[in-house]
Structure formats: C-alpha cells, structure tokens
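Okay, query19.cif now, which holds mmCIF, C-alpha atoms:
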data_work
#
loop_
_atom_site.label_atom_id
_atom_site.label_comp_id
_atom_site.auth_asym_id
_atom_site.auth_seq_id
_atom_site.Cartn_x
_atom_site.Cartn_y
_atom_site.Cartn_z
CA THR A 1 6.01 -2.69 12.09
CA TYR A 2 4.75 -4.54 15.14
CA GLN A 3 6.88 -2.40 17.49
CA THR A 4 5.49 0.75 15.90
CA GLY A 5 1.98 -0.60 16.43
CA VAL A 6 2.74 -1.29 20.09
CA LEU A 7 4.00 2.28 20.54
CA ALA A 8 0.87 3.68 18.88
CA LEU A 9 -1.28 1.44 21.07
CA GLU A 10 0.37 2.81 24.22
CA GLU A 11 -0.36 6.37 23.07
CA LEU A 12 -3.99 5.48 22.36
CA LYS A 13 -4.33 3.90 25.80
CA GLU A 14 -3.23 7.17 27.37
CA GLU A 15 -5.67 9.18 25.28
CA PHE A 16 -8.55 6.70 25.67
CA PRO A 17 -8.03 4.94 29.02
CA ASP A 18 -11.44 3.23 29.01
CA ALA A 19 -11.03 1.69 25.54
CA VAL A 20 -9.81 -1.87 24.95
CA PHE A 21 -6.86 -2.31 22.59
CA PHE A 22 -4.81 -5.30 21.48
CA ALA A 23 -1.69 -5.63 19.36
CA SER A 24 -0.78 -8.85 17.60
CA ASP A 25 2.47 -9.73 15.93
CA THR A 26 0.84 -11.65 13.12
CA LEU A 27 4.15 -12.96 11.76
CA CYS A 28 2.46 -12.47 8.39
CA ALA A 29 3.23 -10.45 5.31
CA SER A 30 1.37 -9.16 2.29
CA LEU A 31 -1.95 -10.88 1.63
CA GLY A 32 -1.15 -13.36 4.40
CA GLN A 33 -1.85 -10.53 6.78
CA GLY A 34 -4.85 -9.56 4.66
CA LEU A 35 -6.25 -13.08 4.99
CA LEU A 36 -5.78 -12.99 8.77
CA VAL A 37 -7.58 -9.63 8.98
CA ASP A 38 -10.40 -10.99 6.82
CA LEU A 39 -10.74 -14.01 9.11
CA ALA A 40 -10.77 -11.75 12.19
CA LEU A 41 -13.53 -9.62 10.65
CA GLN A 42 -15.58 -12.77 10.03
CA GLU A 43 -15.24 -13.62 13.72
CA GLN A 44 -16.40 -10.11 14.67
CA LYS A 45 -19.42 -10.45 12.36
CA LYS A 46 -20.34 -13.64 14.24
CA GLY A 47 -20.76 -11.45 17.33
CA LYS A 48 -17.45 -12.27 19.00
CA SER A 49 -16.03 -9.78 21.50
CA ILE A 50 -12.75 -7.98 20.85
CA GLN A 51 -11.11 -10.31 23.39
CA GLU A 52 -12.44 -13.36 21.54
CA VAL A 53 -11.32 -11.99 18.16
CA HIS A 54 -7.85 -11.28 19.55
CA ALA A 55 -7.64 -14.83 20.95
CA PHE A 56 -8.73 -16.16 17.53
CA VAL A 57 -5.98 -14.17 15.78
CA GLU A 58 -3.35 -15.45 18.22
CA GLU A 59 -4.55 -19.03 17.78
CA THR A 60 -4.86 -18.83 14.00
CA LYS A 61 -1.69 -16.99 12.97
CA GLY A 62 0.43 -20.13 13.35
CA LYS A 63 -1.78 -21.94 10.83
CA LEU A 64 -1.61 -19.27 8.14
CA CYS A 65 0.61 -20.62 5.37
CA HIS A 66 2.67 -18.33 3.12
CA TRP A 67 4.19 -20.14 0.13
CA PHE A 68 5.79 -18.27 -2.71
CA THR A 69 8.23 -18.30 -5.56
CA VAL A 70 10.13 -15.60 -7.36
CA ASP A 71 11.05 -15.48 -11.01
CA ASP A 72 14.50 -13.98 -10.49
CA LEU A 73 16.92 -15.26 -7.86
CA GLY A 74 18.69 -11.91 -7.81
CA SER A 75 22.27 -10.92 -8.34
CA PHE A 76 23.64 -13.63 -6.02
CA ALA A 77 22.57 -16.44 -8.32
CA VAL A 78 23.87 -15.97 -11.85
CA ALA A 79 24.44 -19.72 -12.21
CA GLY A 80 20.90 -20.38 -10.97
CA ALA A 81 19.52 -18.02 -13.58
CA LEU A 82 21.47 -19.78 -16.32
CA LEU A 83 20.10 -23.15 -15.18
CA ASN A 84 16.55 -21.79 -14.82
CA ILE A 85 16.52 -22.62 -11.09
CA LYS A 86 13.52 -21.20 -9.20
CA PRO A 87 13.27 -21.01 -5.42
CA VAL A 88 10.22 -22.00 -3.40
CA LEU A 89 10.04 -20.24 -0.04
CA HIS A 90 7.72 -19.88 2.90
CA VAL A 91 7.33 -17.85 6.08
CA ASP A 92 8.13 -19.97 9.14
CA ASP A 93 6.66 -19.98 12.67
CA GLN A 94 8.87 -17.05 13.68
CA GLY A 95 7.86 -14.97 10.65
CA ARG A 96 11.17 -15.52 8.87
CA LEU A 97 11.54 -16.06 5.16
CA VAL A 98 12.88 -19.59 4.61
CA PRO A 99 13.92 -21.21 1.32
CA VAL A 100 12.44 -24.71 1.15
CA ASP A 101 12.96 -26.02 -2.38
CA THR A 102 14.61 -25.18 -5.64
CA VAL A 103 13.11 -26.49 -8.83
CA ARG A 104 14.01 -26.20 -12.46
CA GLY A 105 11.62 -23.98 -14.36
CA ARG A 106 8.90 -21.51 -13.57
CA LYS A 107 6.05 -23.93 -14.18
CA LYS A 108 7.50 -26.42 -11.68
CA SER A 109 7.88 -23.67 -9.08
CA ILE A 110 4.20 -22.81 -9.44
CA PHE A 111 3.20 -26.48 -9.14
CA ALA A 112 5.41 -26.71 -6.04
CA LEU A 113 3.24 -24.03 -4.39
CA LEU A 114 0.18 -26.13 -5.13
CA GLU A 115 1.85 -29.30 -3.82
CA HIS A 116 2.77 -27.61 -0.54
CA MET A 117 -0.82 -26.47 -0.22
CA LYS A 118 -2.15 -29.97 -0.89
CA ASP A 119 0.19 -31.34 1.80
CA THR A 120 -0.95 -28.99 4.58
CA VAL A 121 -4.29 -27.34 3.77
CA THR A 122 -7.15 -27.87 6.22
CA GLU A 123 -10.80 -27.88 5.15
CA PRO A 124 -10.09 -26.36 1.73
CA GLU A 125 -13.75 -26.59 0.68
CA SER A 126 -14.58 -23.86 3.24
CA GLN A 127 -11.57 -21.60 2.70
CA HIS A 128 -11.04 -18.27 1.07
CA VAL A 129 -7.53 -18.42 -0.39
CA TYR A 130 -5.42 -15.41 -1.36
CA ILE A 131 -2.82 -15.14 -4.12
CA SER A 132 -0.55 -12.16 -4.67
CA HIS A 133 1.64 -11.52 -7.66
CA GLY A 134 4.31 -9.17 -8.91
CA ASP A 135 3.13 -8.33 -12.41
CA CYS A 136 2.38 -11.94 -13.42
CA LEU A 137 -1.42 -11.93 -13.42
CA GLU A 138 -1.79 -14.77 -15.94
CA GLU A 139 0.26 -17.09 -13.73
CA ALA A 140 -1.71 -15.99 -10.66
CA GLU A 141 -4.97 -16.75 -12.47
CA ALA A 142 -3.66 -20.15 -13.58
CA LEU A 143 -2.63 -20.95 -9.98
CA ALA A 144 -6.06 -19.85 -8.74
CA GLN A 145 -7.73 -22.21 -11.20
CA LEU A 146 -5.47 -25.09 -10.09
CA VAL A 147 -6.27 -24.37 -6.43
CA LYS A 148 -10.00 -24.38 -7.14
CA GLU A 149 -9.90 -27.56 -9.22
CA THR A 150 -7.40 -29.55 -7.16
CA CYS A 151 -8.28 -28.51 -3.61
CA HIS A 152 -11.95 -27.63 -4.20
CA VAL A 153 -11.50 -24.13 -2.77
CA PRO A 154 -14.64 -22.06 -3.41
CA LYS A 155 -13.09 -18.59 -3.38
CA VAL A 156 -9.69 -17.24 -4.41
CA THR A 157 -8.79 -13.56 -4.28
CA ILE A 158 -5.89 -12.32 -6.40
CA GLY A 159 -4.02 -9.12 -5.60
CA TYR A 160 -0.72 -7.42 -6.27
CA VAL A 161 2.34 -7.75 -4.09
CA GLY A 162 2.73 -4.49 -2.18
CA PRO A 163 5.48 -2.00 -3.03
CA VAL A 164 7.71 -2.83 -0.05
CA ILE A 165 7.71 -6.59 -0.62
CA GLY A 166 7.74 -6.06 -4.37
CA ALA A 167 10.90 -3.97 -4.07
CA HIS A 168 12.61 -6.98 -2.46
CA SER A 169 11.06 -9.84 -4.39
CA GLY A 170 10.70 -8.25 -7.81
CA LYS A 171 8.62 -8.88 -10.87
CA GLY A 172 7.38 -12.46 -11.15
CA THR A 173 6.73 -13.00 -7.45
CA LEU A 174 3.83 -15.39 -6.92
CA ALA A 175 2.51 -16.11 -3.42
CA LEU A 176 -0.20 -18.40 -2.06
CA PHE A 177 -1.87 -17.87 1.34
CA PHE A 178 -4.20 -20.34 3.07
CA LEU A 179 -4.90 -22.05 6.40
CA GLY A 180 -3.07 -25.28 7.04
CA THR A 181 -2.00 -27.71 9.71
CA ALA A 182 1.12 -25.60 10.29
CA ARG A 183 2.93 -22.82 8.54
#
Here is the file; what I need is its structure written in the form of structure tokens.
Amino acid sequence: TYQTGVLALEELKEEFPDAVFFASDTLCASLGQGLLVDLALQEQKKGKSIQEVHAFVEETKGKLCHWFTVDDLGSFAVAGALLNIKPVLHVDDQGRLVPVDTVRGRKKSIFALLEHMKDTVTEPESQHVYISHGDCLEEAEALAQLVKETCHVPKVTIGYVGPVIGAHSGKGTLALFFLGTAR
C-alpha cells in the first residue's frame, strides 16, 4: 500500500509541481492507521504546517500500539482450539504481526489486551483510544468500559475490522489501539 502511495505521489508531483506532498509508511493497520490520521488532523487544526504534521506522524508512528486477539487460531491449530488457546498479538516496530502471548480462554485474551495497555500507555487521561472488532461488538464494548475505568481514558471509539484484515483474522477479532512508550 505504501509503495502504491509513493507512486501516486510521484504522479501528483509531476501534475502539480508547486504543491508539497509527503508519504509516510505508517507501519499501522486498521484503526491504528485511523488513530494516527486523527492525531495528524489534530496537529493540523492547531495550525501546524504540512511539514510539521509530517514530522509529527514520523515521530509518533513508533508509539502507536496495536494489540489484538482473535477468537479462532485457524486451521493450523486444531489442538489449540480444543484447549481453548487464544493468541495475543501486536504489530512491531517494523509493522510486522508478532504473536506475543497465548492464554487459555477468550476472557483472558481480552484482559491480556488491557494488561499490555496498562504496561505501556502514556498519558491515558488525555488519549482517544480506538477498538476494532470482527463481529463481536459486546466484547468490544466491554473492553472499552474496562479501558475507561482502569486507565481513565476519556474517549474510546469502536469500529469494525475492515474487510481485508477481517478476511485474514476472521470473526471474533478484537484490537486495541493507543499511544504508548513503544509499540
């Protein structure tokens, strides 16, 4: 996606040589990217120049945490399904999907998301946190309530996992996006 954006940017530069354009490989996915765009728009509303907003995005993207769990481990993990094993994953500094934990039971996997947030979140009382889900709205709402109560986050936005990520992660995907000390 980033490479396609760079190609489009080059075409726009040819067509509009006096305009200023930037491309950023956000290393984000889903509402993680949405959160980064929202933060960039806030910077623009503060009167920052396009250069300053771009610098902000580059500086901030490494602090945007993506933690998620899926309900179904997929066809490679029949034994895991029988034992009710749930993975907890995150997106690392290079934008790669990395398994971090496995826990027993859906409820524990959701609490693991919250625990990872508690371990790394910065200034939660001033954050707008995003949660995405794959057809598990009740669990997303419960996680949002836990985030508000435990971390004192004033605003949580819940949305669906997009169709591309949803095709890979499946029904029951639950993801939490926030700013932290590191991804």
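Taking CA of Gly180 (chain A) and CA of Thr122 (chain A) as endpoints, the distance between them is 4.9 Å.
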Report task. Enter the distance from CA of Tyr2 (chain A) to CA of His168 (chain A), in Å, rounded to one decimal. Result ->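 Spanning CA of Tyr2 (chain A) to CA of His168 (chain A) is a straight-line distance of 19.4 Å.
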**Report entry** Point (-10.3, -29.7, 0.7) neighbourhood (7 Å, all atoms listed in the file) written as a list in words
**Finding:** Thr122, Glu123, Pro124, Glu125, Cys151, His152 and Val153 of chain A
Query - Selected residue of minimal separation from Val103 (chain A) among A:Gln42, A:Thr69, A:Ser126, A:Ser169, counting all atoms listed in the file - result: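 Going through A:Gln42, A:Thr69, A:Ser126, A:Ser169 one by one, the smallest distance to Val103 (chain A) is for A:Thr69.
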Counting only C-alpha atoms, what are the residues of region 104-143 of chain A within 9 Å of region 30-35 of chain A, and for each of them which pair of atoms is the nearest and at what distance in Å, to one decimal? Sort the table by chain and rising number, as a tab-separated table.
residue	atom	partner	partner_atom	distance
A:His128	CA	A:Leu35	CA	8.1
A:Val129	CA	A:Leu35	CA	7.7
A:Tyr130	CA	A:Leu31	CA	6.4
A:Ile131	CA	A:Leu31	CA	7.2
A:Ser132	CA	A:Leu31	CA	6.6
Query raised in the report: Rounded to one decimal in Å, what is the spacing between CA of Pro154 (chain A) and CA of Val100 (chain A)?
Result: 27.6 Å
Query raised in the report: Could you spell out the hits of the PyMOL selection byres ((chain A and resi 1) around 12) on the shown file, as an MDAnalysis selection string?
Result: chainID A and resid 2:8 23:29
Query raised in the report: Within 8 Å of (4.6, -24.0, 8.0), in the coordinates the file gives, what residues turn up when you count all atoms listed in the file, written out as a PyMOL selection string?
Result: chain A and resi 62-66+90-93+180-183
Report task. Run the PyMOL selection byres ((chain A and resi 158) around 8) on the file and write out the hits as a list in words. Result ->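 This file, filtered by the PyMOL selection byres ((chain A and resi 158) around 8), leaves Tyr130, Ile131, Ser132, His133, Ala140, Glu141, Ala144, Val156, Thr157, Gly159 and Tyr160 of chain A.
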Report summary line: Nearest to Glu149 (chain A), restricted to all atoms listed in the file and choosing among A:Ile85, A:Val164, A:Leu114, A:Val37, comes out as A:Leu114
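Each of A:Lys86, A:Val121, A:Gln44, A:Glu52 was compared to Arg104 (chain A) using all atoms listed in the file, and A:Lys86 turns out to be the nearest.
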